[in-house]
$ cat entry.pdb   # PDB, C-alpha atoms
MODEL        1
ATOM      1  CA  MET A 124      -0.566  -1.458 -21.269
ATOM      2  CA  ILE A 125      -1.025   1.618 -19.085
ATOM      3  CA  ASP A 126       1.687   4.285 -19.279
ATOM      4  CA  GLU A 127       1.936   4.431 -15.507
ATOM      5  CA  ARG A 128       2.611   7.857 -14.094
ATOM      6  CA  VAL A 129       2.672   8.840 -10.445
ATOM      7  CA  VAL A 130       1.231  12.035  -9.021
ATOM      8  CA  LEU A 131       3.914  14.321  -7.599
ATOM      9  CA  VAL A 132       2.817  16.327  -4.559
ATOM     10  CA  ASP A 133       4.079  19.249  -2.519
ATOM     11  CA  GLU A 134       4.507  19.255   1.265
ATOM     12  CA  GLY A 135       0.809  20.076   1.653
ATOM     13  CA  GLY A 136      -0.234  17.033  -0.392
ATOM     14  CA  ARG A 137      -1.335  19.078  -3.410
ATOM     15  CA  ALA A 138      -0.677  17.690  -6.897
ATOM     16  CA  ILE A 139       2.143  19.534  -8.673
ATOM     17  CA  GLY A 140       2.735  17.291 -11.677
ATOM     18  CA  THR A 141       3.364  13.717 -12.757
ATOM     19  CA  GLU A 142       6.346  11.558 -13.543
ATOM     20  CA  ALA A 143       6.739   8.143 -15.137
ATOM     21  CA  LYS A 144       6.582   5.430 -12.470
ATOM     22  CA  ALA A 145       9.622   3.740 -14.011
ATOM     23  CA  ALA A 146      11.699   6.908 -13.509
ATOM     24  CA  VAL A 147      10.410   8.310 -10.215
ATOM     25  CA  HIS A 148      12.220   6.013  -7.733
ATOM     26  CA  HIS A 149      15.917   6.828  -7.269
ATOM     27  CA  ALA A 150      18.233   8.415  -4.685
ATOM     28  CA  ALA A 151      16.333  11.730  -4.860
ATOM     29  CA  THR A 152      12.783  10.393  -5.228
ATOM     30  CA  PRO A 153      10.319  13.295  -5.214
ATOM     31  CA  LEU A 154       7.377  13.239  -2.817
ATOM     32  CA  HIS A 155       4.484  11.470  -4.544
ATOM     33  CA  LEU A 156       1.075   9.934  -3.887
ATOM     34  CA  ALA A 157       0.730   6.220  -3.148
ATOM     35  CA  PHE A 158      -1.443   3.898  -1.030
ATOM     36  CA  SER A 159      -1.214   0.764   1.098
ATOM     37  CA  CYS A 160      -3.988  -1.772   1.651
ATOM     38  CA  TYR A 161      -4.521  -4.549   4.169
ATOM     39  CA  VAL A 162      -6.815  -7.408   3.134
ATOM     40  CA  ILE A 163      -8.541  -9.028   6.120
ATOM     41  CA  ASP A 164     -10.349 -12.375   5.989
ATOM     42  CA  ALA A 165     -13.456 -13.573   7.849
ATOM     43  CA  ALA A 166     -11.259 -14.940  10.671
ATOM     44  CA  GLY A 167      -9.625 -11.527  11.167
ATOM     45  CA  ARG A 168      -6.293 -12.562   9.645
ATOM     46  CA  VAL A 169      -4.281 -10.218   7.453
ATOM     47  CA  LEU A 170      -2.945 -11.145   4.027
ATOM     48  CA  LEU A 171       0.792 -10.439   3.871
ATOM     49  CA  THR A 172       2.678 -10.517   0.598
ATOM     50  CA  ARG A 173       6.331 -10.921  -0.229
ATOM     51  CA  ARG A 174       7.383  -8.589  -3.004
ATOM     52  CA  ALA A 175       8.663 -10.163  -6.218
ATOM     53  CA  LEU A 176      12.415 -10.665  -6.251
ATOM     54  CA  ASP A 177      12.964  -8.524  -9.336
ATOM     55  CA  LYS A 178      11.077  -5.432  -8.128
ATOM     56  CA  PRO A 179      13.325  -2.360  -8.098
ATOM     57  CA  THR A 180      12.234  -1.256  -4.615
ATOM     58  CA  TRP A 181      12.424  -3.624  -1.671
ATOM     59  CA  PRO A 182      12.565  -6.886  -3.659
ATOM     60  CA  GLY A 183      11.709 -10.009  -1.666
ATOM     61  CA  VAL A 184      10.526  -8.037   1.362
ATOM     62  CA  TRP A 185       7.360  -8.983   3.260
ATOM     63  CA  THR A 186       4.771  -6.232   3.445
ATOM     64  CA  ASN A 187       1.079  -5.430   3.679
ATOM     65  CA  SER A 188      -1.345  -6.990   1.192
ATOM     66  CA  CYS A 189      -0.996  -4.496  -1.638
ATOM     67  CA  CYS A 190       0.689  -1.174  -2.408
ATOM     68  CA  GLY A 191       0.575   1.084  -5.405
ATOM     69  CA  HIS A 192       0.142   4.509  -6.929
ATOM     70  CA  PRO A 193      -3.069   6.094  -8.195
ATOM     71  CA  LEU A 194      -2.881   7.191 -11.804
ATOM     72  CA  PRO A 195      -3.331  10.927 -12.471
ATOM     73  CA  GLY A 196      -7.044  11.714 -12.078
ATOM     74  CA  GLU A 197      -7.821   8.294 -10.531
ATOM     75  CA  PRO A 198      -9.527   8.194  -7.120
ATOM     76  CA  VAL A 199      -7.293   6.336  -4.656
ATOM     77  CA  GLU A 200     -10.064   3.865  -3.803
ATOM     78  CA  HIS A 201     -10.220   2.914  -7.503
ATOM     79  CA  ALA A 202      -6.430   2.480  -7.542
ATOM     80  CA  VAL A 203      -6.692   0.152  -4.535
ATOM     81  CA  ARG A 204      -9.250  -1.995  -6.366
ATOM     82  CA  ARG A 205      -7.200  -1.939  -9.597
ATOM     83  CA  ARG A 206      -3.971  -3.017  -7.885
ATOM     84  CA  LEU A 207      -5.679  -5.734  -5.792
ATOM     85  CA  ALA A 208      -7.012  -7.205  -9.037
ATOM     86  CA  ASP A 209      -3.681  -6.796 -10.884
ATOM     87  CA  GLU A 210      -1.430  -8.119  -8.104
ATOM     88  CA  LEU A 211      -3.613 -10.758  -6.435
ATOM     89  CA  SER A 212      -6.728 -11.324  -8.616
ATOM     90  CA  ILE A 213      -8.838 -10.081  -5.714
ATOM     91  CA  VAL A 214     -12.106  -8.211  -6.322
ATOM     92  CA  VAL A 215     -13.596  -6.500  -3.257
ATOM     93  CA  ASP A 216     -16.918  -4.858  -2.429
ATOM     94  CA  THR A 217     -15.701  -2.223   0.024
ATOM     95  CA  VAL A 218     -12.503  -0.313   0.652
ATOM     96  CA  ASP A 219     -12.229   1.477   4.022
ATOM     97  CA  LEU A 220      -9.886   4.395   4.622
ATOM     98  CA  VAL A 221      -8.062   3.898   7.960
ATOM     99  CA  LEU A 222      -4.963   6.160   7.896
ATOM    100  CA  PRO A 223      -5.631   9.147   5.614
ATOM    101  CA  GLU A 224      -2.476  11.094   6.491
ATOM    102  CA  PHE A 225       0.193   8.380   6.584
ATOM    103  CA  ARG A 226       3.507   9.526   5.123
ATOM    104  CA  TYR A 227       6.965   8.009   5.108
ATOM    105  CA  ARG A 228      10.414   8.213   3.596
ATOM    106  CA  ALA A 229      12.664   5.131   3.501
ATOM    107  CA  GLU A 230      16.039   4.472   1.924
ATOM    108  CA  MET A 231      17.273   1.097   0.691
ATOM    109  CA  PRO A 232      20.921   0.097   1.293
ATOM    110  CA  THR A 233      21.436   0.699  -2.449
ATOM    111  CA  GLY A 234      20.476   4.366  -1.993
ATOM    112  CA  MET A 235      17.073   4.071  -3.685
ATOM    113  CA  VAL A 236      14.434   6.069  -1.807
ATOM    114  CA  GLU A 237      10.682   5.790  -1.306
ATOM    115  CA  ASN A 238       9.114   9.159  -0.454
ATOM    116  CA  GLU A 239       5.348   8.904  -0.282
ATOM    117  CA  ILE A 240       2.162  10.356   1.065
ATOM    118  CA  CYS A 241       0.485   6.994   1.392
ATOM    119  CA  PRO A 242      -3.096   6.716   2.721
ATOM    120  CA  VAL A 243      -3.800   3.283   4.184
ATOM    121  CA  TYR A 244      -6.910   1.228   3.466
ATOM    122  CA  ARG A 245      -8.527  -1.962   4.771
ATOM    123  CA  THR A 246     -10.726  -4.332   2.843
ATOM    124  CA  TRP A 247     -12.367  -7.671   3.571
ATOM    125  CA  TRP A 248     -11.923 -10.762   1.420
ATOM    126  CA  THR A 249     -11.645 -14.487   2.107
ATOM    127  CA  GLY A 250     -10.008 -17.073  -0.113
ATOM    128  CA  ASP A 251      -6.712 -17.876  -1.756
ATOM    129  CA  PRO A 252      -5.431 -15.108  -4.007
ATOM    130  CA  THR A 253      -3.767 -15.769  -7.342
ATOM    131  CA  PRO A 254      -0.595 -13.659  -7.181
ATOM    132  CA  ASN A 255       0.884 -12.031 -10.260
ATOM    133  CA  PRO A 256       4.499 -13.325 -10.119
ATOM    134  CA  ALA A 257       5.820 -10.008 -11.466
ATOM    135  CA  GLU A 258       4.452  -8.366  -8.295
ATOM    136  CA  VAL A 259       4.207 -11.002  -5.557
ATOM    137  CA  ALA A 260       6.658 -13.825  -4.791
ATOM    138  CA  GLU A 261       4.443 -15.438  -2.143
ATOM    139  CA  TYR A 262       1.694 -14.710   0.365
ATOM    140  CA  ARG A 263       0.542 -15.826   3.790
ATOM    141  CA  TRP A 264      -2.480 -15.230   5.950
ATOM    142  CA  ALA A 265      -1.339 -14.215   9.454
ATOM    143  CA  ASP A 266      -2.874 -13.371  12.782
ATOM    144  CA  TRP A 267      -2.548  -9.606  13.314
ATOM    145  CA  HIS A 268      -0.531 -10.117  16.498
ATOM    146  CA  ASP A 269       2.008 -12.246  14.581
ATOM    147  CA  VAL A 270       2.686  -9.773  11.766
ATOM    148  CA  ARG A 271       5.725  -8.205  13.469
ATOM    149  CA  GLN A 272       7.321 -11.667  13.595
ATOM    150  CA  PHE A 273       7.735 -11.770   9.817
ATOM    151  CA  PRO A 274      11.368 -11.280   8.782
ATOM    152  CA  ASP A 275      12.347  -8.275   6.728
ATOM    153  CA  LEU A 276       9.059  -6.361   6.884
ATOM    154  CA  SER A 277       8.971  -3.299   4.659
ATOM    155  CA  PRO A 278       9.724   0.002   6.400
ATOM    156  CA  TRP A 279       6.279   1.378   5.558
ATOM    157  CA  CYS A 280       4.575  -1.711   6.988
ATOM    158  CA  LEU A 281       6.515  -1.390  10.248
ATOM    159  CA  LEU A 282       5.520   2.276  10.554
ATOM    160  CA  GLN A 283       1.886   1.452   9.772
ATOM    161  CA  LEU A 284       1.851  -1.255  12.452
ATOM    162  CA  ASP A 285       2.720   1.453  14.993
ATOM    163  CA  GLU A 286      -0.390   3.380  13.952
ATOM    164  CA  LEU A 287      -2.713   0.346  13.648
ATOM    165  CA  PRO A 288      -2.327  -1.407  17.015
ATOM    166  CA  ALA A 289      -5.834  -2.817  17.435
ATOM    167  CA  PRO A 290      -7.166  -5.918  15.700
ATOM    168  CA  PRO A 291      -8.157  -4.961  12.130
ATOM    169  CA  ALA A 292     -11.890  -5.303  12.811
ATOM    170  CA  ASP A 293     -11.536  -2.475  15.351
ATOM    171  CA  TRP A 294      -9.815   0.006  13.056
ATOM    172  CA  PRO A 295     -12.065   3.038  12.773
ATOM    173  CA  ILE A 296     -12.970   4.268   9.320
ATOM    174  CA  ALA A 297     -11.337   7.660   8.817
ATOM    175  CA  ASP A 298     -12.890  10.854   7.534
ATOM    176  CA  PRO A 299     -11.967  11.175   3.826
ATOM    177  CA  THR A 300     -11.667  14.963   4.184
ATOM    178  CA  ARG A 301      -8.409  14.244   6.058
ATOM    179  CA  LEU A 302      -6.863  12.850   2.865
ATOM    180  CA  PRO A 303      -4.250  15.078   1.218
ATOM    181  CA  PRO A 304      -5.813  17.262  -1.508
ATOM    182  CA  ALA A 305      -4.259  15.195  -4.325
ATOM    183  CA  ALA A 306      -6.065  12.099  -2.958
ATOM    184  CA  GLN A 307      -9.508  13.701  -2.700
ATOM    185  CA  ILE A 308     -10.413  13.049  -6.346
ATOM    186  CA  GLN A 309     -13.976  11.820  -6.763
ATOM    187  CA  LEU A 310     -15.737  10.406  -9.821
TER     188      LEU A 310
ENDMDL
END
$ encode --input "entry.pdb" --output "structure tokens"
Amino acid sequence: MIDERVVLVDEGGRAIGTEAKAAVHHAATPLHLAFSCYVIDAAGRVLLTRRALDKPTWPGVWTNSCCGHPLPGEPVEHAVRRRLADELSIVVDTVDLVLPEFRYRAEMPTGMVENEICPVYRTWWTGDPTPNPAEVAEYRWADWHDVRQFPDLSPWCLLQLDELPAPPADWPIADPTRLPPAAQIQL
């Protein structure tokens, strides 16, 4: 099992250390590096997932296809592929950067906080995923224009929808030099 650590970042997106993933999320969550990914099928639908009910942050909430944190020294694109495989048993050929500078802070009613610099990616895949029940309670393929109709969407998903208004096929691929410095790791 991986000793998961998240990359802590400063306001400029530069890495300043690491912290255990299990300990980083609380009422004073430090700013850290994460990612979000939207899986799009051949019909242009988006794969939405409902977070497992026992997750510590936003349990049971509908959100984008996959979220996660790159490990220290791991390129974000590799983290996207790793988490898609771990959470949904999805293996993809390409991962496109669409929102390199997305950042958000959200607080749960319990006081737990998410505080992330969270580049957003799009990938293409068609089929029925096999969700890991520790991560995903359920999934649905949805027309992009119907996504906002899902109840209890995650705060980061709602903010991303504001920045991704076009159909997913029309999202331009972003320049990777716009990623925060901590996310510009290459292998």
$ closest_atom_pairs --input "entry.pdb" --of "segment 150-199 of chain A" --to "segment 265-275 of chain A" --cutoff "9 Å" --atoms "all atoms listed in the file" --output "tab-separated table"
residue	atom	partner	partner_atom	distance
A:Ala166	CA	A:Asp266	CA	8.8
A:Gly167	CA	A:Asp266	CA	7.2
A:Arg168	CA	A:Asp266	CA	4.7
A:Val169	CA	A:Ala265	CA	5.4
A:Leu170	CA	A:Ala265	CA	6.4
A:Leu171	CA	A:Ala265	CA	7.1
A:Gly183	CA	A:Asp275	CA	8.6
A:Val184	CA	A:Asp275	CA	5.7
A:Trp185	CA	A:Asp275	CA	6.1
A:Thr186	CA	A:Asp275	CA	8.5
$ residues_near_point --input "entry.pdb" --point "(-12.9, 4.3, 4.3)" --cutoff "6 Å" --atoms "all atoms listed in the file" --output "short mmCIF file (atom, residue, chain, number, x, y, z; two decimals) with C-alpha atoms, keeping the file's coordinate frame"
data_model
loop_
_atom_site.label_atom_id
_atom_site.label_comp_id
_atom_site.auth_asym_id
_atom_site.auth_seq_id
_atom_site.Cartn_x
_atom_site.Cartn_y
_atom_site.Cartn_z
CA VAL A 218 -12.50 -0.31 0.65
CA ASP A 219 -12.23 1.48 4.02
CA LEU A 220 -9.89 4.39 4.62
CA ILE A 296 -12.97 4.27 9.32
CA ALA A 297 -11.34 7.66 8.82
#
$ resolve_selection --input "entry.pdb" --expression "the PyMOL selection byres ((chain A and resi 172) around 8)" --output "list in words"
Leu170, Leu171, Arg173, Arg174, Trp185, Thr186, Asn187, Ser188, Cys189, Val259, Ala260, Glu261, Tyr262 and Arg263 of chain A
$ residues_around --input "entry.pdb" --residues "segment 147-164 of chain A" --least-positions-apart "4" --cutoff "6 Å" --atoms "all atoms listed in the file" --output "list in words"
Val130, Leu131, Val132, Arg168, Val169, Leu170, Asn187, Ser188, Cys189, Cys190, Gly191, His192, Gly234, Met235, Val236, Asn238, Glu239, Ile240, Cys241, Pro242, Val243, Tyr244, Arg245, Thr246, Trp247, Trp248 and Thr249 of chain A
$ residues_around --input "entry.pdb" --residues "Glu258 of chain A" --least-positions-apart "2" --cutoff "8 Å" --atoms "all atoms listed in the file" --output "number ranges by chain"
A: 174-175, 178, 210, 254-256, 260
$ write_last_selection --input "entry.pdb" --atoms "C-alpha atoms" --output "mmCIF file, in the frame of the given file"
data_model
loop_
_atom_site.group_PDB
_atom_site.id
_atom_site.type_symbol
_atom_site.label_atom_id
_atom_site.label_comp_id
_atom_site.auth_asym_id
_atom_site.auth_seq_id
_atom_site.Cartn_x
_atom_site.Cartn_y
_atom_site.Cartn_z
ATOM 1 C CA ARG A 174 7.383 -8.589 -3.004
ATOM 2 C CA ALA A 175 8.663 -10.163 -6.218
ATOM 3 C CA LYS A 178 11.077 -5.432 -8.128
ATOM 4 C CA GLU A 210 -1.430 -8.119 -8.104
ATOM 5 C CA PRO A 254 -0.595 -13.659 -7.181
ATOM 6 C CA ASN A 255 0.884 -12.031 -10.260
ATOM 7 C CA PRO A 256 4.499 -13.325 -10.119
ATOM 8 C CA ALA A 260 6.658 -13.825 -4.791
#
$ closest_residue --input "entry.pdb" --among "A:Val129, A:Ala257, A:Ala208, A:Cys280" --to "Ala305 of chain A" --atoms "all atoms listed in the file"
A:Val129
$ closest_residue --input "entry.pdb" --among "A:Pro198, A:Glu224, A:Glu230, A:Pro304" --to "Ile139 of chain A" --atoms "only C-alpha atoms"
A:Pro304
$ closest_residue --input "entry.pdb" --among "A:Val221, A:Ala202, A:Thr233, A:Ala145" --to "Trp294 of chain A" --atoms "only C-alpha atoms"
A:Val221
$ atom_distance --input "entry.pdb" --atom1 "atom CA of Ser212 of chain A" --atom2 "atom CA of Pro278 of chain A"
25.0 Å
$ closest_residue --input "entry.pdb" --among "A:Pro179, A:Pro195, A:Pro295, A:Thr253" --to "Leu207 of chain A" --atoms "only C-alpha atoms"
A:Thr253
$ closest_residue --input "entry.pdb" --among "A:Thr300, A:Thr141, A:Gln309, A:Thr180" --to "Arg128 of chain A" --atoms "all atoms listed in the file"
A:Thr141
$ atom_distance --input "entry.pdb" --atom1 "atom CA of Leu194 of chain A" --atom2 "atom CA of Pro299 of chain A"
18.5 Å
$ axis_aligned_box --input "entry.pdb" --around "segment 252-261 of chain A" --padding-each-side "4 Å" --output "lines of an AutoDock Vina configuration file"
center_x = 0.6
center_y = -12.1
center_z = -6.8
size_x = 20.1
size_y = 15.4
size_z = 17.3
$ atom_distance --input "entry.pdb" --atom1 "atom CA of Trp279 of chain A" --atom2 "atom CA of Pro182 of chain A"
13.9 Å
$ closest_residue --input "entry.pdb" --among "A:Val199, A:Leu302, A:Leu222, A:Ala138" --to "Glu286 of chain A" --atoms "all atoms listed in the file"
A:Leu222
$ build_atoms --input "entry.pdb" --residues "segment 244-257 of chain A" --atoms "N, CA and C atoms" --output "PDB file, in the coordinates of the input"
ATOM      1  N   TYR A 244      -5.550   1.741   3.592  1.00  0.00           N
ATOM      2  CA  TYR A 244      -6.910   1.228   3.466  1.00  0.00           C
ATOM      3  C   TYR A 244      -6.993  -0.198   4.004  1.00  0.00           C
ATOM      4  N   ARG A 245      -8.230  -0.583   4.348  1.00  0.00           N
ATOM      5  CA  ARG A 245      -8.527  -1.962   4.771  1.00  0.00           C
ATOM      6  C   ARG A 245      -9.683  -2.449   3.910  1.00  0.00           C
ATOM      7  N   THR A 246      -9.606  -3.708   3.539  1.00  0.00           N
ATOM      8  CA  THR A 246     -10.726  -4.332   2.843  1.00  0.00           C
ATOM      9  C   THR A 246     -10.892  -5.754   3.368  1.00  0.00           C
ATOM     10  N   TRP A 247     -12.028  -6.336   3.085  1.00  0.00           N
ATOM     11  CA  TRP A 247     -12.367  -7.671   3.571  1.00  0.00           C
ATOM     12  C   TRP A 247     -12.502  -8.609   2.384  1.00  0.00           C
ATOM     13  N   TRP A 248     -11.853  -9.759   2.477  1.00  0.00           N
ATOM     14  CA  TRP A 248     -11.923 -10.762   1.420  1.00  0.00           C
ATOM     15  C   TRP A 248     -11.418 -12.074   1.999  1.00  0.00           C
ATOM     16  N   THR A 249     -12.052 -13.169   1.620  1.00  0.00           N
ATOM     17  CA  THR A 249     -11.645 -14.487   2.107  1.00  0.00           C
ATOM     18  C   THR A 249     -11.412 -15.406   0.912  1.00  0.00           C
ATOM     19  N   GLY A 250     -10.318 -16.134   0.954  1.00  0.00           N
ATOM     20  CA  GLY A 250     -10.008 -17.073  -0.113  1.00  0.00           C
ATOM     21  C   GLY A 250      -8.508 -17.184  -0.303  1.00  0.00           C
ATOM     22  N   ASP A 251      -8.117 -17.786  -1.384  1.00  0.00           N
ATOM     23  CA  ASP A 251      -6.712 -17.876  -1.756  1.00  0.00           C
ATOM     24  C   ASP A 251      -6.499 -17.007  -2.979  1.00  0.00           C
ATOM     25  N   PRO A 252      -5.677 -15.969  -2.856  1.00  0.00           N
ATOM     26  CA  PRO A 252      -5.431 -15.108  -4.007  1.00  0.00           C
ATOM     27  C   PRO A 252      -4.614 -15.838  -5.070  1.00  0.00           C
ATOM     28  N   THR A 253      -4.601 -15.277  -6.252  1.00  0.00           N
ATOM     29  CA  THR A 253      -3.767 -15.769  -7.342  1.00  0.00           C
ATOM     30  C   THR A 253      -2.747 -14.671  -7.645  1.00  0.00           C
ATOM     31  N   PRO A 254      -1.568 -14.741  -7.022  1.00  0.00           N
ATOM     32  CA  PRO A 254      -0.595 -13.659  -7.181  1.00  0.00           C
ATOM     33  C   PRO A 254      -0.029 -13.553  -8.595  1.00  0.00           C
ATOM     34  N   ASN A 255       0.167 -12.322  -9.024  1.00  0.00           N
ATOM     35  CA  ASN A 255       0.884 -12.031 -10.260  1.00  0.00           C
ATOM     36  C   ASN A 255       2.365 -12.162  -9.920  1.00  0.00           C
ATOM     37  N   PRO A 256       3.105 -13.100 -10.504  1.00  0.00           N
ATOM     38  CA  PRO A 256       4.499 -13.325 -10.119  1.00  0.00           C
ATOM     39  C   PRO A 256       5.419 -12.128 -10.384  1.00  0.00           C
ATOM     40  N   ALA A 257       5.018 -11.216 -11.247  1.00  0.00           N
ATOM     41  CA  ALA A 257       5.820 -10.008 -11.466  1.00  0.00           C
ATOM     42  C   ALA A 257       5.707  -9.047 -10.292  1.00  0.00           C
TER      43      ALA A 257
END
